[in-house]
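To keep things clear, I will list the structure first and then write my remarks on it.
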Amino acid sequence: MKMSCKIISCAIYFVLVTLNLHAQQAHVNLDWAPQKNIQNLIPFMAGVNSPEVTDDHMVTFRIKAPDAHEVMLSGSVLLGLKSQNPVSFAKGDDGIWTLTVGPLAPEIYYYKLFIDGVSVNDPANTFTGFADQPGFSILIVHGDGPAFYDAKNVPHGTVTRHIYYSPVTKGEREMYVYLPPEYNPKKKYPVLYLFGGSGELASTWSLFGRVNFIEDNLIAEGNALPMIIVMPNNQVLHRSDPRHTDLTFDLFDDEMTSVVMPFVEENYSVRTDRQGRAIAGLSMGGRHAQVIGFNNLDLFASFGLLSSAESLDLTPAIGQSDFNSKVDYLFVGAGTNETRPGARHEVLHNELLKRNITHEYYIGSAGAHDFITWRHLLYYKFLPGLWRK
């Protein structure tokens, strides 16, 4: 009996070690601790190991820059460090600059390096991000196991990239569509149209927001209904265009109702009744969801406004006496570290209260105006709340 237990213990240990052999940015598996240094190997094509994350949540950054005079750490990681200013590296005799910080709460952070005043990505980090903004490096501080946004050993859905022509923007565009595990085209699924913010693209929600893994995990836990999630590109003109605010809502309304939704309904088995459709977004995408959704109550009945709000002058339907009866679920949420007096979401919440508009208001996460917040809002509140009425 003791021998059997030892054999089982050894087997379990072997499996655990095997599962983690490829950490430190090896990109073999979708590892939940990819920057943990298991084999003491340097990432492929990198000169040093950076960042290195230990089980006690300490992080060491390194960069070889013998001719530099100053190297500093910046980005959203500073919020986790509770620092308002960039943090300085120390230079070694070998020309390698090093910085160890922490402990950091397990989470996914963005960061950049300032080398002699120039903002650059970490050249040794193979986890990099891109969107409708200059690129950045990604720091993954692991916990004791996979997080709610990690790929777990559960049934997985699929994410498909579609390229299509849009007569609205007069060019080729893209959208991403998530299908739940065991998608059955003979069944009608509720559909969520999910938008990014000013600095996002159609790919951002799946690549960095990890909405597909979040929904996979929620379905496996029994905490969300299987749904189709459509992630179009809600950038319809240059974000720095001086007339962006004047033009974006009408243009994207046209894109959604005349191009995106017909495409989805032609190619996927989605519900086409208003109760089967939801619309949501973060930041600018939340403003799009509010204006387009509230102005098309014949098309949508559920709404998610994440770290966002728009003037109610743009949504006159909210003043109608039957507004509540047309809404199944209205969620307004934001991050703990982006809440301040006069914040847009707080103003909207107070205005909804004044008008007796039924809604769920939630402030949570350790994040600010970032994906730490938006992943949290999706997992803990918005996706579980959809289609429960």
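Residues are named by chain letter and number: chains run A, B, ... in the order of the structure tokens, numbers start at 1 in each chain, and ligands are numbered from 1 in the order shown.
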
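Excluding Val159 of chain A itself and any same-chain residue fewer than 5 positions from it, the protein and nucleic acid residues within 9 Å of it, counting only C-alpha atoms, are Tyr176, Val177, Tyr178, Leu179, Ser206 and Asn212 of chain A.
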
Could those selected residues go to a file with C-alpha atoms, as a PDB file, in the first residue's frame?
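Output saved as again_39.pdb:
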ATOM      1  CA  TYR A 176     -13.718  37.748 -34.924  1.00  0.00           C
ATOM      2  CA  VAL A 177     -16.470  35.321 -33.935  1.00  0.00           C
ATOM      3  CA  TYR A 178     -16.383  33.037 -30.904  1.00  0.00           C
ATOM      4  CA  LEU A 179     -18.480  29.875 -31.026  1.00  0.00           C
ATOM      5  CA  SER A 206      -9.648  37.531 -27.887  1.00  0.00           C
ATOM      6  CA  ASN A 212     -12.876  33.068 -25.364  1.00  0.00           C
TER       7      ASN A 212
END

Do a neighbour search on segment 196-201 of chain A at 8 Å with only C-alpha atoms, toss out local chain neighbours closer than 3 positions, and write the hits as an MDAnalysis selection string.
-> chainID A and resid 131:133 204:205 233:235 239 281:286

Just-selected residues, all heavy atoms written as an mmCIF file, in the first residue's frame:
data_model
loop_
_atom_site.group_PDB
_atom_site.id
_atom_site.type_symbol
_atom_site.label_atom_id
_atom_site.label_comp_id
_atom_site.auth_asym_id
_atom_site.auth_seq_id
_atom_site.Cartn_x
_atom_site.Cartn_y
_atom_site.Cartn_z
ATOM 1 N N ALA A 131 -2.079 46.885 -31.105
ATOM 2 C CA ALA A 131 -3.476 47.231 -31.325
ATOM 3 C C ALA A 131 -3.488 48.535 -32.116
ATOM 4 O O ALA A 131 -2.576 48.791 -32.904
ATOM 5 C CB ALA A 131 -4.214 47.365 -29.989
ATOM 6 N N ASP A 132 -4.479 49.365 -31.873
ATOM 7 C CA ASP A 132 -4.565 50.654 -32.558
ATOM 8 C C ASP A 132 -3.744 51.682 -31.778
ATOM 9 O O ASP A 132 -4.207 52.766 -31.468
ATOM 10 C CB ASP A 132 -6.036 51.089 -32.650
ATOM 11 C CG ASP A 132 -6.208 52.324 -33.512
ATOM 12 O OD1 ASP A 132 -5.389 52.529 -34.422
ATOM 13 O OD2 ASP A 132 -7.156 53.094 -33.269
ATOM 14 N N GLN A 133 -2.515 51.285 -31.437
ATOM 15 C CA GLN A 133 -1.609 52.115 -30.655
ATOM 16 C C GLN A 133 -0.230 51.470 -30.742
ATOM 17 O O GLN A 133 -0.112 50.313 -31.150
ATOM 18 C CB GLN A 133 -2.065 52.177 -29.188
ATOM 19 C CG GLN A 133 -2.207 50.820 -28.536
ATOM 20 C CD GLN A 133 -2.750 50.879 -27.126
ATOM 21 O OE1 GLN A 133 -2.233 51.599 -26.298
ATOM 22 N NE2 GLN A 133 -3.803 50.110 -26.853
ATOM 23 N N THR A 204 -8.401 42.373 -30.341
ATOM 24 C CA THR A 204 -7.933 42.630 -28.983
ATOM 25 C C THR A 204 -8.695 41.850 -27.925
ATOM 26 O O THR A 204 -8.103 41.337 -26.965
ATOM 27 C CB THR A 204 -8.010 44.142 -28.674
ATOM 28 O OG1 THR A 204 -7.366 44.872 -29.722
ATOM 29 C CG2 THR A 204 -7.335 44.446 -27.357
ATOM 30 N N TRP A 205 -10.015 41.744 -28.056
ATOM 31 C CA TRP A 205 -10.806 41.053 -27.024
ATOM 32 C C TRP A 205 -10.404 39.589 -26.889
ATOM 33 O O TRP A 205 -10.432 39.020 -25.797
ATOM 34 C CB TRP A 205 -12.291 41.165 -27.324
ATOM 35 C CG TRP A 205 -12.996 42.250 -26.587
ATOM 36 C CD1 TRP A 205 -13.651 43.329 -27.114
ATOM 37 C CD2 TRP A 205 -13.133 42.378 -25.157
ATOM 38 N NE1 TRP A 205 -14.181 44.126 -26.118
ATOM 39 C CE2 TRP A 205 -13.880 43.560 -24.906
ATOM 40 C CE3 TRP A 205 -12.703 41.619 -24.080
ATOM 41 C CZ2 TRP A 205 -14.215 43.980 -23.622
ATOM 42 C CZ3 TRP A 205 -13.015 42.036 -22.794
ATOM 43 C CH2 TRP A 205 -13.771 43.206 -22.570
ATOM 44 N N ASN A 233 -14.515 45.257 -35.650
ATOM 45 C CA ASN A 233 -13.634 46.418 -35.489
ATOM 46 C C ASN A 233 -14.513 47.668 -35.443
ATOM 47 O O ASN A 233 -15.137 48.034 -36.429
ATOM 48 C CB ASN A 233 -12.654 46.496 -36.663
ATOM 49 C CG ASN A 233 -11.734 47.701 -36.567
ATOM 50 O OD1 ASN A 233 -11.715 48.407 -35.558
ATOM 51 N ND2 ASN A 233 -10.970 47.950 -37.618
ATOM 52 N N ASN A 234 -14.578 48.325 -34.283
ATOM 53 C CA ASN A 234 -15.418 49.513 -34.179
ATOM 54 C C ASN A 234 -14.645 50.802 -34.447
ATOM 55 O O ASN A 234 -15.141 51.893 -34.198
ATOM 56 C CB ASN A 234 -16.121 49.597 -32.816
ATOM 57 C CG ASN A 234 -15.177 49.566 -31.632
ATOM 58 O OD1 ASN A 234 -14.229 48.798 -31.627
ATOM 59 N ND2 ASN A 234 -15.439 50.377 -30.629
ATOM 60 N N GLN A 235 -13.429 50.669 -35.004
ATOM 61 C CA GLN A 235 -12.727 51.845 -35.523
ATOM 62 C C GLN A 235 -13.246 52.070 -36.950
ATOM 63 O O GLN A 235 -13.010 51.253 -37.825
ATOM 64 C CB GLN A 235 -11.212 51.608 -35.558
ATOM 65 C CG GLN A 235 -10.621 51.075 -34.277
ATOM 66 C CD GLN A 235 -10.585 52.097 -33.150
ATOM 67 O OE1 GLN A 235 -10.701 53.295 -33.380
ATOM 68 N NE2 GLN A 235 -10.424 51.630 -31.926
ATOM 69 N N ARG A 239 -8.824 57.701 -35.269
ATOM 70 C CA ARG A 239 -9.202 58.106 -33.912
ATOM 71 C C ARG A 239 -8.795 59.535 -33.598
ATOM 72 O O ARG A 239 -9.384 60.167 -32.720
ATOM 73 C CB ARG A 239 -8.570 57.141 -32.890
ATOM 74 C CG ARG A 239 -9.067 57.343 -31.465
ATOM 75 C CD ARG A 239 -10.576 57.143 -31.382
ATOM 76 N NE ARG A 239 -11.120 57.412 -30.057
ATOM 77 C CZ ARG A 239 -11.525 58.604 -29.631
ATOM 78 N NH1 ARG A 239 -11.415 59.655 -30.421
ATOM 79 N NH2 ARG A 239 -12.030 58.748 -28.427
ATOM 80 N N GLY A 281 -19.324 46.928 -24.682
ATOM 81 C CA GLY A 281 -17.994 47.360 -25.073
ATOM 82 C C GLY A 281 -17.271 48.032 -23.931
ATOM 83 O O GLY A 281 -17.858 48.380 -22.906
ATOM 84 N N LEU A 282 -15.983 48.220 -24.119
ATOM 85 C CA LEU A 282 -15.157 48.905 -23.130
ATOM 86 C C LEU A 282 -14.793 50.301 -23.641
ATOM 87 O O LEU A 282 -14.592 50.509 -24.835
ATOM 88 C CB LEU A 282 -13.892 48.094 -22.838
ATOM 89 C CG LEU A 282 -12.872 47.934 -23.967
ATOM 90 C CD1 LEU A 282 -11.827 49.046 -23.966
ATOM 91 C CD2 LEU A 282 -12.178 46.591 -23.875
ATOM 92 N N SER A 283 -14.781 51.256 -22.735
ATOM 93 C CA SER A 283 -14.361 52.628 -23.049
ATOM 94 C C SER A 283 -15.137 53.150 -24.267
ATOM 95 O O SER A 283 -16.362 53.199 -24.240
ATOM 96 C CB SER A 283 -12.850 52.671 -23.256
ATOM 97 O OG SER A 283 -12.375 53.989 -23.247
ATOM 98 N N MET A 284 -14.437 53.505 -25.357
ATOM 99 C CA MET A 284 -15.150 53.997 -26.536
ATOM 100 C C MET A 284 -16.152 52.960 -27.038
ATOM 101 O O MET A 284 -17.241 53.319 -27.510
ATOM 102 C CB MET A 284 -14.165 54.344 -27.649
ATOM 103 C CG MET A 284 -14.822 54.936 -28.900
ATOM 104 S SD MET A 284 -13.686 55.159 -30.265
ATOM 105 C CE MET A 284 -13.502 53.476 -30.853
ATOM 106 N N GLY A 285 -15.810 51.681 -26.922
ATOM 107 C CA GLY A 285 -16.736 50.636 -27.347
ATOM 108 C C GLY A 285 -17.989 50.598 -26.498
ATOM 109 O O GLY A 285 -19.067 50.259 -26.981
ATOM 110 N N GLY A 286 -17.863 50.945 -25.215
ATOM 111 C CA GLY A 286 -19.041 51.047 -24.360
ATOM 112 C C GLY A 286 -19.921 52.207 -24.764
ATOM 113 O O GLY A 286 -21.151 52.123 -24.699
#

Strand (DSSP E or B) call set, DSSP backbone run, segment 149-300 of chain A, as a PyMOL selection string | chain A and resi 158-166+171-179+189+191-195+228-232+270+277-282

Compile the contact shell of Lys187 of chain A as a list in words: residues with an atom at most 12 Å away, counting only C-alpha atoms, same-chain residues fewer than 6 positions apart removed.
-> Pro180, Pro226, Met227, Ile228, Tyr268, Ser269, Val270 and Arg271 of chain A

Using N, CA, C and O atoms, can you write the selected residues to a file as an mmCIF file, in the first residue's frame?
data_model
loop_
_atom_site.group_PDB
_atom_site.id
_atom_site.type_symbol
_atom_site.label_atom_id
_atom_site.label_comp_id
_atom_site.auth_asym_id
_atom_site.auth_seq_id
_atom_site.Cartn_x
_atom_site.Cartn_y
_atom_site.Cartn_z
ATOM 1 N N PRO A 180 -19.290 28.749 -29.014
ATOM 2 C CA PRO A 180 -19.116 27.972 -27.783
ATOM 3 C C PRO A 180 -18.768 26.521 -28.085
ATOM 4 O O PRO A 180 -18.963 26.042 -29.203
ATOM 5 N N PRO A 226 -24.118 29.232 -22.883
ATOM 6 C CA PRO A 226 -23.390 29.220 -24.153
ATOM 7 C C PRO A 226 -23.930 30.316 -25.065
ATOM 8 O O PRO A 226 -25.138 30.487 -25.197
ATOM 9 N N MET A 227 -23.023 31.051 -25.669
ATOM 10 C CA MET A 227 -23.422 32.163 -26.534
ATOM 11 C C MET A 227 -22.410 32.326 -27.643
ATOM 12 O O MET A 227 -21.283 31.824 -27.568
ATOM 13 N N ILE A 228 -22.799 33.024 -28.684
ATOM 14 C CA ILE A 228 -21.885 33.422 -29.753
ATOM 15 C C ILE A 228 -21.450 34.857 -29.457
ATOM 16 O O ILE A 228 -22.283 35.704 -29.121
ATOM 17 N N TYR A 268 -24.189 32.279 -39.202
ATOM 18 C CA TYR A 268 -24.230 31.576 -37.929
ATOM 19 C C TYR A 268 -25.664 31.415 -37.441
ATOM 20 O O TYR A 268 -26.550 32.204 -37.799
ATOM 21 N N SER A 269 -25.842 30.418 -36.594
ATOM 22 C CA SER A 269 -27.174 30.109 -36.081
ATOM 23 C C SER A 269 -27.430 30.921 -34.808
ATOM 24 O O SER A 269 -27.298 30.428 -33.689
ATOM 25 N N VAL A 270 -27.771 32.185 -35.010
ATOM 26 C CA VAL A 270 -28.006 33.090 -33.885
ATOM 27 C C VAL A 270 -29.489 33.455 -33.800
ATOM 28 O O VAL A 270 -30.216 33.446 -34.803
ATOM 29 N N ARG A 271 -29.905 33.783 -32.607
ATOM 30 C CA ARG A 271 -31.255 34.305 -32.425
ATOM 31 C C ARG A 271 -31.335 35.695 -33.063
ATOM 32 O O ARG A 271 -30.390 36.478 -32.993
#

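Candidate residues A:Ile163, A:Ile96, A:Leu314, A:Ala124 were compared for distance to Ile42 of chain A, and the nearest is A:Ala124, using only C-alpha atoms.
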